[in-house]
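Next comes protein.cif, a file with mmCIF, C-alpha atoms and all ligand atoms.
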data_input
#
loop_
_atom_site.label_atom_id
_atom_site.label_comp_id
_atom_site.auth_asym_id
_atom_site.auth_seq_id
_atom_site.Cartn_x
_atom_site.Cartn_y
_atom_site.Cartn_z
CA MET J 26 21.31 -9.18 20.88
CA SER J 27 17.85 -7.70 20.39
CA LEU J 28 14.85 -8.85 22.37
CA GLN J 29 13.08 -11.81 20.85
CA LEU J 30 9.66 -13.40 21.10
CA GLY J 31 9.35 -15.38 24.31
CA ASP J 32 11.93 -13.27 26.17
CA ILE J 33 10.86 -11.66 29.45
CA ALA J 34 10.18 -7.96 28.80
CA PRO J 35 12.84 -6.05 30.76
CA ASP J 36 11.44 -4.52 33.94
CA PHE J 37 12.09 -0.85 34.70
CA THR J 38 11.02 2.05 36.89
CA ALA J 39 10.30 5.30 35.08
CA GLU J 40 8.63 8.66 35.47
CA SER J 41 5.51 9.03 33.37
CA THR J 42 2.65 11.44 32.84
CA LEU J 43 0.66 9.28 35.28
CA GLY J 44 3.41 9.19 37.93
CA THR J 45 6.19 6.74 38.69
CA ILE J 46 5.70 3.39 36.97
CA ARG J 47 7.25 0.09 37.98
CA PHE J 48 6.60 -1.71 34.73
CA HIS J 49 5.94 -5.32 35.76
CA GLU J 50 4.00 -4.25 38.84
CA TYR J 51 2.00 -1.79 36.74
CA LEU J 52 1.05 -4.50 34.24
CA GLY J 53 -0.07 -6.86 37.00
CA THR J 54 -2.16 -9.58 35.34
CA SER J 55 -2.92 -7.44 32.27
CA TRP J 56 -1.49 -7.65 28.80
CA GLY J 57 0.73 -4.73 27.83
CA VAL J 58 1.53 -2.67 24.76
CA LEU J 59 4.76 -0.67 25.07
CA PHE J 60 5.48 1.52 22.08
CA SER J 61 8.08 4.13 21.30
CA HIS J 62 7.85 7.19 19.11
CA PRO J 63 10.69 9.39 17.90
CA ALA J 64 9.91 12.69 19.60
CA ASP J 65 7.25 14.92 21.14
CA PHE J 66 5.68 17.71 19.07
CA THR J 67 6.04 15.82 15.78
CA PRO J 68 3.09 15.32 13.42
CA VAL J 69 2.95 11.55 12.88
CA CYS J 70 3.46 10.88 16.60
CA THR J 71 0.66 13.28 17.45
CA THR J 72 -1.78 11.30 15.27
CA GLU J 73 -0.54 7.96 16.64
CA LEU J 74 -1.05 8.92 20.26
CA GLY J 75 -4.41 10.45 19.39
CA ARG J 76 -5.53 7.26 17.65
CA THR J 77 -4.39 5.15 20.60
CA ALA J 78 -6.28 7.38 23.02
CA GLY J 79 -9.40 7.03 20.83
CA LEU J 80 -9.12 3.24 21.11
CA GLN J 81 -8.61 3.22 24.89
CA GLU J 82 -11.94 1.45 25.49
CA GLU J 83 -10.98 -1.29 23.00
CA PHE J 84 -7.69 -1.86 24.79
CA GLU J 85 -9.46 -1.97 28.16
CA LYS J 86 -12.01 -4.52 26.85
CA ARG J 87 -9.07 -6.78 26.04
CA ASN J 88 -7.42 -6.25 29.46
CA VAL J 89 -4.49 -4.41 27.85
CA LYS J 90 -2.53 -1.55 29.42
CA VAL J 91 -0.88 0.77 26.90
CA LEU J 92 2.31 2.72 27.58
CA ALA J 93 4.02 5.14 25.18
CA LEU J 94 7.65 6.18 25.41
CA SER J 95 9.97 8.75 23.96
CA VAL J 96 13.36 9.96 25.13
CA ASP J 97 11.91 13.43 25.74
CA PRO J 98 11.52 14.66 29.34
CA LEU J 99 8.31 14.69 31.35
CA ASP J 100 7.63 18.45 31.19
CA LYS J 101 7.63 18.23 27.39
CA HIS J 102 5.21 15.27 27.48
CA PHE J 103 2.75 17.25 29.62
CA GLU J 104 2.84 20.18 27.19
CA TRP J 105 2.46 17.91 24.17
CA ILE J 106 -0.53 16.02 25.64
CA LYS J 107 -2.45 19.31 25.57
CA ASP J 108 -1.82 19.52 21.81
CA ILE J 109 -2.78 15.88 21.24
CA ASN J 110 -6.03 16.29 23.14
CA GLU J 111 -6.84 19.49 21.29
CA THR J 112 -5.96 18.44 17.76
CA GLN J 113 -7.05 14.77 17.88
CA HIS J 114 -10.21 15.40 19.94
CA VAL J 115 -9.30 12.86 22.62
CA THR J 116 -8.19 12.66 26.22
CA VAL J 117 -4.90 10.82 26.51
CA GLY J 118 -5.53 8.46 29.44
CA PHE J 119 -2.50 6.18 29.15
CA PRO J 120 0.97 6.99 30.49
CA ILE J 121 3.72 8.47 28.35
CA LEU J 122 7.06 7.42 29.81
CA ALA J 123 9.94 9.87 29.96
CA ASN J 124 13.27 8.33 29.16
CA PRO J 125 15.87 11.09 28.76
CA ASP J 126 18.72 8.77 29.82
CA LYS J 127 17.60 6.29 27.12
CA SER J 128 17.91 3.36 29.54
CA ILE J 129 14.57 1.78 28.57
CA ALA J 130 15.06 2.61 24.89
CA ASN J 131 18.41 0.81 25.00
CA ALA J 132 17.11 -2.17 26.98
CA TYR J 133 14.37 -2.67 24.36
CA GLY J 134 16.57 -1.88 21.33
CA MET J 135 14.34 1.04 20.36
CA ILE J 136 17.22 3.13 19.04
CA HIS J 137 18.45 2.00 15.64
CA PRO J 138 21.65 3.97 15.09
CA ASN J 139 21.56 3.65 11.31
CA ALA J 140 18.12 5.33 11.34
CA SER J 141 18.88 7.86 14.09
CA GLU J 142 21.66 8.05 16.68
CA THR J 143 19.46 9.86 19.16
CA PHE J 144 15.77 9.13 18.66
CA THR J 145 13.75 5.98 19.18
CA VAL J 146 12.15 4.47 16.07
CA ARG J 147 8.54 3.24 16.14
CA SER J 148 9.02 0.02 18.10
CA LEU J 149 6.03 -1.79 19.55
CA PHE J 150 6.00 -4.71 21.96
CA ILE J 151 2.99 -6.76 23.01
CA ILE J 152 3.60 -8.40 26.36
CA GLY J 153 1.53 -11.21 27.85
CA PRO J 154 0.38 -11.55 31.48
CA ASP J 155 3.41 -13.83 31.95
CA LYS J 156 5.58 -10.74 31.08
CA LYS J 157 6.89 -12.49 27.98
CA ILE J 158 7.17 -10.70 24.66
CA LYS J 159 4.48 -12.00 22.30
CA LEU J 160 5.01 -9.69 19.33
CA THR J 161 7.39 -7.00 18.14
CA ILE J 162 6.98 -4.62 15.24
CA THR J 163 9.30 -1.87 14.06
CA TYR J 164 8.25 0.99 11.81
CA PRO J 165 10.35 3.86 10.55
CA ALA J 166 9.71 7.37 11.86
CA SER J 167 7.90 8.39 8.70
CA THR J 168 5.19 5.70 8.84
CA GLY J 169 2.43 5.91 11.42
CA ARG J 170 1.30 2.55 12.79
CA ASN J 171 -2.15 1.01 12.35
CA PHE J 172 -3.55 0.59 15.85
CA VAL J 173 -6.57 -1.35 14.60
CA GLU J 174 -4.03 -3.93 13.41
CA VAL J 175 -2.50 -3.91 16.89
CA LEU J 176 -5.95 -4.76 18.32
CA ARG J 177 -6.42 -7.49 15.70
CA VAL J 178 -3.11 -9.08 16.70
CA ILE J 179 -4.06 -8.91 20.37
CA ASP J 180 -7.32 -10.72 19.55
CA SER J 181 -5.31 -13.41 17.78
CA LEU J 182 -2.74 -13.71 20.58
CA GLN J 183 -5.44 -13.97 23.22
CA LEU J 184 -7.29 -16.68 21.26
CA THR J 185 -4.07 -18.66 20.88
CA ALA J 186 -3.35 -18.27 24.59
CA ASN J 187 -6.77 -19.61 25.58
CA PHE J 188 -7.52 -22.24 22.90
CA SER J 189 -5.41 -24.48 20.64
CA VAL J 190 -6.00 -22.32 17.58
CA ALA J 191 -4.12 -20.07 15.21
CA THR J 192 -5.53 -17.39 12.92
CA PRO J 193 -5.27 -17.33 9.12
CA ALA J 194 -4.12 -14.51 6.86
CA ASN J 195 -6.17 -11.33 7.16
CA TRP J 196 -8.31 -12.90 9.91
CA VAL J 197 -10.48 -10.56 11.91
CA ASN J 198 -12.31 -11.20 15.14
CA GLY J 199 -15.40 -13.38 14.52
CA GLU J 200 -14.06 -15.32 11.53
CA ASP J 201 -13.16 -19.02 11.50
CA VAL J 202 -9.82 -19.98 13.01
CA ILE J 203 -7.31 -22.74 12.33
CA VAL J 204 -6.78 -25.78 14.55
CA VAL J 205 -3.07 -25.99 15.38
CA PRO J 206 -1.21 -28.97 13.87
CA ALA J 207 -0.36 -30.36 17.34
CA VAL J 208 -4.04 -31.29 17.88
CA LYS J 209 -5.03 -34.59 16.22
CA THR J 210 -8.24 -34.51 14.22
CA GLU J 211 -9.95 -37.07 16.50
CA ASP J 212 -9.16 -34.84 19.49
CA ALA J 213 -10.14 -31.68 17.60
CA LEU J 214 -13.62 -33.11 16.95
CA ILE J 215 -14.15 -33.27 20.72
CA LYS J 216 -12.31 -30.06 21.60
CA PHE J 217 -14.18 -27.95 19.04
CA PRO J 218 -17.87 -28.96 19.26
CA LYS J 219 -18.87 -26.21 16.79
CA GLY J 220 -17.40 -28.43 14.08
CA LEU J 221 -14.39 -28.79 11.82
CA LYS J 222 -13.95 -27.97 8.16
CA ILE J 223 -11.12 -30.22 6.99
CA VAL J 224 -9.62 -28.83 3.77
CA LYS J 225 -6.39 -30.84 4.09
CA PRO J 226 -5.26 -32.98 7.05
CA TYR J 227 -3.05 -30.03 8.07
CA LEU J 228 -5.55 -27.27 7.23
CA ARG J 229 -8.58 -27.50 9.51
CA TYR J 230 -10.91 -24.64 10.30
CA THR J 231 -13.32 -24.27 13.20
CA PRO J 232 -15.65 -21.44 14.20
CA GLN J 233 -14.09 -19.06 16.70
CA PRO J 234 -14.34 -20.94 20.02
CA ASN J 235 -15.00 -17.91 22.21
CA ASP J 236 -17.85 -16.44 20.15
C1 LIG X 301 6.66 12.45 13.12
O1 LIG X 301 6.32 11.88 14.14
O2 LIG X 301 5.90 13.16 12.50
C2 LIG X 301 8.03 12.23 12.55
C3 LIG X 301 9.10 12.05 13.41
C4 LIG X 301 10.36 11.90 12.87
C5 LIG X 301 10.53 11.88 11.49
C6 LIG X 301 9.42 12.03 10.64
C7 LIG X 301 8.17 12.20 11.18
#
Represent the structure contained in this file as structure tokens.
Amino acid sequence: MSLQLGDIAPDFTAESTLGTIRFHEYLGTSWGVLFSHPADFTPVCTTELGRTAGLQEEFEKRNVKVLALSVDPLDKHFEWIKDINETQHVTVGFPILANPDKSIANAYGMIHPNASETFTVRSLFIIGPDKKIKLTITYPASTGRNFVEVLRVIDSLQLTANFSVATPANWVNGEDVIVVPAVKTEDALIKFPKGLKIVKPYLRYTPQPND
């Protein structure tokens, strides 16, 4: 059965472009983004890793450690990083995990045999400081992911983790959030001193509590 939200992200030890990584130990108290790409020296992957490197500061601001993975070996990763840095005008500062025996790819269900018997698809896992899986997304090889959306989801997940709020459709950081149904309105009035906008008893907005 595939990994599901709330499951503990499988721990592993792997070689990476930044040395040996013991996953849970490496994450420490940070959030994590673990994402797979089909292969090194492919065009869409090159842009994805470049975009992620360009957003490194944004990930750091949110206390998130990013790790990429493909089933290619380490020597190939090192060669490819030179191309990514050159063509995407970045410096890749996050680790790319080598997984030639596919052990991590299999543990995380990153190989979808009906898409490819051998390569990982574009799987992405967001992992909380409790090492539990908070979000999974799966894209086909031909579609590059939107890493600004990944940051947006992290903002939402971190708000939910720290306050009793959820985020509405298309929400972006700074906009009003939704009070979760478990909080009674009389309690919400105290908990959210910036005020409530009650549209329906079950649809209550409040300004972002951490702004
Ligand atoms: C790419 O990363 O460019 C790619 C990989 C596999 C299939 C199609 C595109």
From the list J:Lys156, J:Arg87, J:Lys107, J:Arg170, the nearest residue to ligand LIG 301 (chain X) using only C-alpha atoms and all ligand atoms is J:Arg170
So that I can see what lies close to segment 200-212 of chain J, please list as a compact mmCIF listing (two decimals) with C-alpha atoms, keeping the file's coordinate frame the residues with an atom at most 12 Å from it, counting all atoms listed in the file and leaving out residues fewer than 5 positions away in the same chain.
# COMPACT_ATOMS: atom_id res chain seq x y z
CA ARG J 177 -6.42 -7.49 15.70
CA ASP J 180 -7.32 -10.72 19.55
CA SER J 181 -5.31 -13.41 17.78
CA LEU J 184 -7.29 -16.68 21.26
CA THR J 185 -4.07 -18.66 20.88
CA PHE J 188 -7.52 -22.24 22.90
CA SER J 189 -5.41 -24.48 20.64
CA VAL J 190 -6.00 -22.32 17.58
CA ALA J 191 -4.12 -20.07 15.21
CA THR J 192 -5.53 -17.39 12.92
CA PRO J 193 -5.27 -17.33 9.12
CA ALA J 194 -4.12 -14.51 6.86
CA ASN J 195 -6.17 -11.33 7.16
CA PHE J 217 -14.18 -27.95 19.04
CA PRO J 218 -17.87 -28.96 19.26
CA LYS J 219 -18.87 -26.21 16.79
CA GLY J 220 -17.40 -28.43 14.08
CA LEU J 221 -14.39 -28.79 11.82
CA LYS J 222 -13.95 -27.97 8.16
CA ILE J 223 -11.12 -30.22 6.99
CA VAL J 224 -9.62 -28.83 3.77
CA LYS J 225 -6.39 -30.84 4.09
CA PRO J 226 -5.26 -32.98 7.05
CA TYR J 227 -3.05 -30.03 8.07
CA LEU J 228 -5.55 -27.27 7.23
CA ARG J 229 -8.58 -27.50 9.51
CA TYR J 230 -10.91 -24.64 10.30
CA THR J 231 -13.32 -24.27 13.20
CA PRO J 232 -15.65 -21.44 14.20
CA GLN J 233 -14.09 -19.06 16.70
CA PRO J 234 -14.34 -20.94 20.02
CA ASN J 235 -15.00 -17.91 22.21
CA ASP J 236 -17.85 -16.44 20.15
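What separates atom CA of Phe103 of chain J from atom CA of His49 of chain J is a distance of 23.6 Å.
Note that the spacing between atom CA of Gly134 of chain J and atom CA of Ser148 of chain J amounts to 8.4 Å.
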Test item: residues at most 12 Å from Asn139 of chain J, only C-alpha atoms, excluding those fewer than 6 positions along its chain, as an MDAnalysis selection string
chainID J and resid 145:146 165
Next item on the list: Please extract the residues at most 9 Å from ligand LIG 301 (chain X), counting only C-alpha atoms and all ligand atoms, and provide them as an NGL selection string, using the chain letters and residue numbers of this document.
Entry: :J and (62-73 or 144 or 146 or 165-169)
Select all residues near (6.2, -4.7, 35.9) (cut-off 9 Å, inclusive, file coordinates), counting all atoms listed in the file, and output them as a PyMOL selection string. chain J and resi 34-38+46-53+156
Save the residues we just selected, C-alpha atoms, as a PDB file, keeping the file's coordinate frame?
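Contents of result.pdb, freshly written:
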ATOM      1  CA  ALA J  34      10.180  -7.960  28.800  1.00  0.00           C
ATOM      2  CA  PRO J  35      12.840  -6.050  30.760  1.00  0.00           C
ATOM      3  CA  ASP J  36      11.440  -4.520  33.940  1.00  0.00           C
ATOM      4  CA  PHE J  37      12.090  -0.850  34.700  1.00  0.00           C
ATOM      5  CA  THR J  38      11.020   2.050  36.890  1.00  0.00           C
ATOM      6  CA  ILE J  46       5.700   3.390  36.970  1.00  0.00           C
ATOM      7  CA  ARG J  47       7.250   0.090  37.980  1.00  0.00           C
ATOM      8  CA  PHE J  48       6.600  -1.710  34.730  1.00  0.00           C
ATOM      9  CA  HIS J  49       5.940  -5.320  35.760  1.00  0.00           C
ATOM     10  CA  GLU J  50       4.000  -4.250  38.840  1.00  0.00           C
ATOM     11  CA  TYR J  51       2.000  -1.790  36.740  1.00  0.00           C
ATOM     12  CA  LEU J  52       1.050  -4.500  34.240  1.00  0.00           C
ATOM     13  CA  GLY J  53      -0.070  -6.860  37.000  1.00  0.00           C
ATOM     14  CA  LYS J 156       5.580 -10.740  31.080  1.00  0.00           C
TER      15      LYS J 156
END
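If you look at atom CA of Leu28 of chain J and atom CA of Glu83 of chain J, they are 26.9 Å away from each other.
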Could you pull the residues within 10 Å of Val178 of chain J, counting only C-alpha atoms, minus those fewer than 2 positions along the same chain, as a VMD selection string? chain J and resid 151 159 to 160 172 to 176 180 to 184 192 196 to 198
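Distances from J:Phe60, J:Thr161, J:Thr116, J:Asp97 to Thr143 of chain J were compared using all atoms listed in the file, and the smallest one belongs to J:Asp97.
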